[in-house]
Amino acid sequence: MSGACIITGLGAFVLFVIYDLNSVRFQKKLIKPAFFVGFVLLIIATAMMFAAGWSEEVSGRVRQVVLLALAAVFLALLVYTLFFALPFQPTYIRENSRPKVYSEGVYALCRHPGVLWFIGMYACFALAMPTAPMIRGSVVFSVCNVLYVIMQDMWTFPKYFGDYSSYKEEVPFLIPTVKSGKRCFNTIAAGKKHV
């Protein structure tokens, strides 16, 4: 079961990469759902990891509840970051036919804040249910996510966003700084919207 979980999760990341390639190079309508399908595959892989480990788990229930509640917070942050932190219609401002990056709110914290929430969520899953499938899957998926955002940072986003190089100079890659943290909280507190 552990191998099937990993393969399913790896399939998700392959689809994420295909989605990015399509966004920059091919722009085929048929490939646009790749991100969503990958997201569903990752949910299935995670459910498989829970199912494989549920019968093996023997640790304290209170610890599990606390860690799973914390994982739910990280999941909420991840969903917010990926689907709601950006203005929906339109998500990006067009500038000379290339979208302009959104650099407020959580996207002022670091260039890929979703990775922080993703790793936090899977770390909580692994600590709540420290079984082989959960630990392996959590580590593999977290590493894949970091590799994926490295690809986005070096290739996808510089080609897609017209102002990504200035965003890179202004906002840290993955590890927030005091300055980026202040900007994140200030823009959220001010209710700053996409201009």
# chains A, B, ... in the order shown; residues from 1 in each chain; ligands from 1

$ closest_atom_pairs --of "segment 56-154 of chain A" --to "segment 187-191 of chain A" --cutoff "10 Å" --atoms "only C-alpha atoms" --output "Markdown table"
| residue | atom | partner | partner_atom | distance |
| --- | --- | --- | --- | --- |
| A:Ala85 | CA | A:Ile188 | CA | 9.9 |
| A:Ser103 | CA | A:Thr187 | CA | 9.6 |
| A:Glu104 | CA | A:Thr187 | CA | 6.0 |
| A:Gly105 | CA | A:Ile188 | CA | 5.1 |
| A:Val106 | CA | A:Ile188 | CA | 8.0 |
| A:Ala108 | CA | A:Thr187 | CA | 8.3 |

$ write_last_selection --atoms "N, CA and C atoms" --output "compact mmCIF listing (two decimals), in the first residue's frame"
# COMPACT_ATOMS: atom_id res chain seq x y z
N ALA A 85 -6.35 33.71 -1.71
CA ALA A 85 -5.50 34.87 -1.38
C ALA A 85 -5.33 35.79 -2.57
N SER A 103 1.80 40.55 -5.11
CA SER A 103 2.85 40.53 -4.07
C SER A 103 2.37 41.05 -2.72
N GLU A 104 1.09 40.93 -2.45
CA GLU A 104 0.53 41.40 -1.17
C GLU A 104 0.12 40.19 -0.33
N GLY A 105 -0.31 40.46 0.90
CA GLY A 105 -0.81 39.39 1.77
C GLY A 105 0.21 38.29 1.97
N VAL A 106 -0.23 37.04 1.87
CA VAL A 106 0.69 35.92 2.10
C VAL A 106 1.78 35.86 1.04
N ALA A 108 3.46 38.33 0.12
CA ALA A 108 4.53 39.24 0.57
C ALA A 108 5.42 38.53 1.59

$ residues_around --residues "Met48 of chain A" --least-positions-apart "5" --cutoff "12 Å" --atoms "only C-alpha atoms" --output "count of residues only"
17

$ select_by_dssp --residues "chain A" --states "strand (DSSP E or B)" --output "PDB file with C-alpha atoms, in the first residue's frame"
ATOM      1  CA  ILE A  93      -3.139  42.239 -13.711  1.00  0.00           C
ATOM      2  CA  ARG A  94      -2.164  42.203 -17.372  1.00  0.00           C
ATOM      3  CA  GLU A  95       0.872  44.265 -18.227  1.00  0.00           C
ATOM      4  CA  ARG A  98       2.037  39.251 -19.507  1.00  0.00           C
ATOM      5  CA  PRO A  99       0.419  38.928 -16.083  1.00  0.00           C
ATOM      6  CA  LYS A 100       1.819  40.916 -13.198  1.00  0.00           C
TER       7      LYS A 100
END

$ select_by_dssp --residues "segment 117-156 of chain A" --states "alpha helix (DSSP H)" --output "ChimeraX atom specification"
/A:117-128,132-151

$ residues_around --residues "segment 19-33 of chain A" --least-positions-apart "5" --cutoff "8 Å" --atoms "only C-alpha atoms" --output "MDAnalysis selection string"
chainID A and resid 152 156 159:160

$ residues_around --residues "Ile175 of chain A" --least-positions-apart "5" --cutoff "9 Å" --atoms "only C-alpha atoms" --output "MDAnalysis selection string"
chainID A and resid 109:110 113 116

$ closest_residue --among "A:Leu127, A:Ala132, A:Leu10, A:Leu174" --to "Leu68 of chain A" --atoms "only C-alpha atoms"
A:Leu127
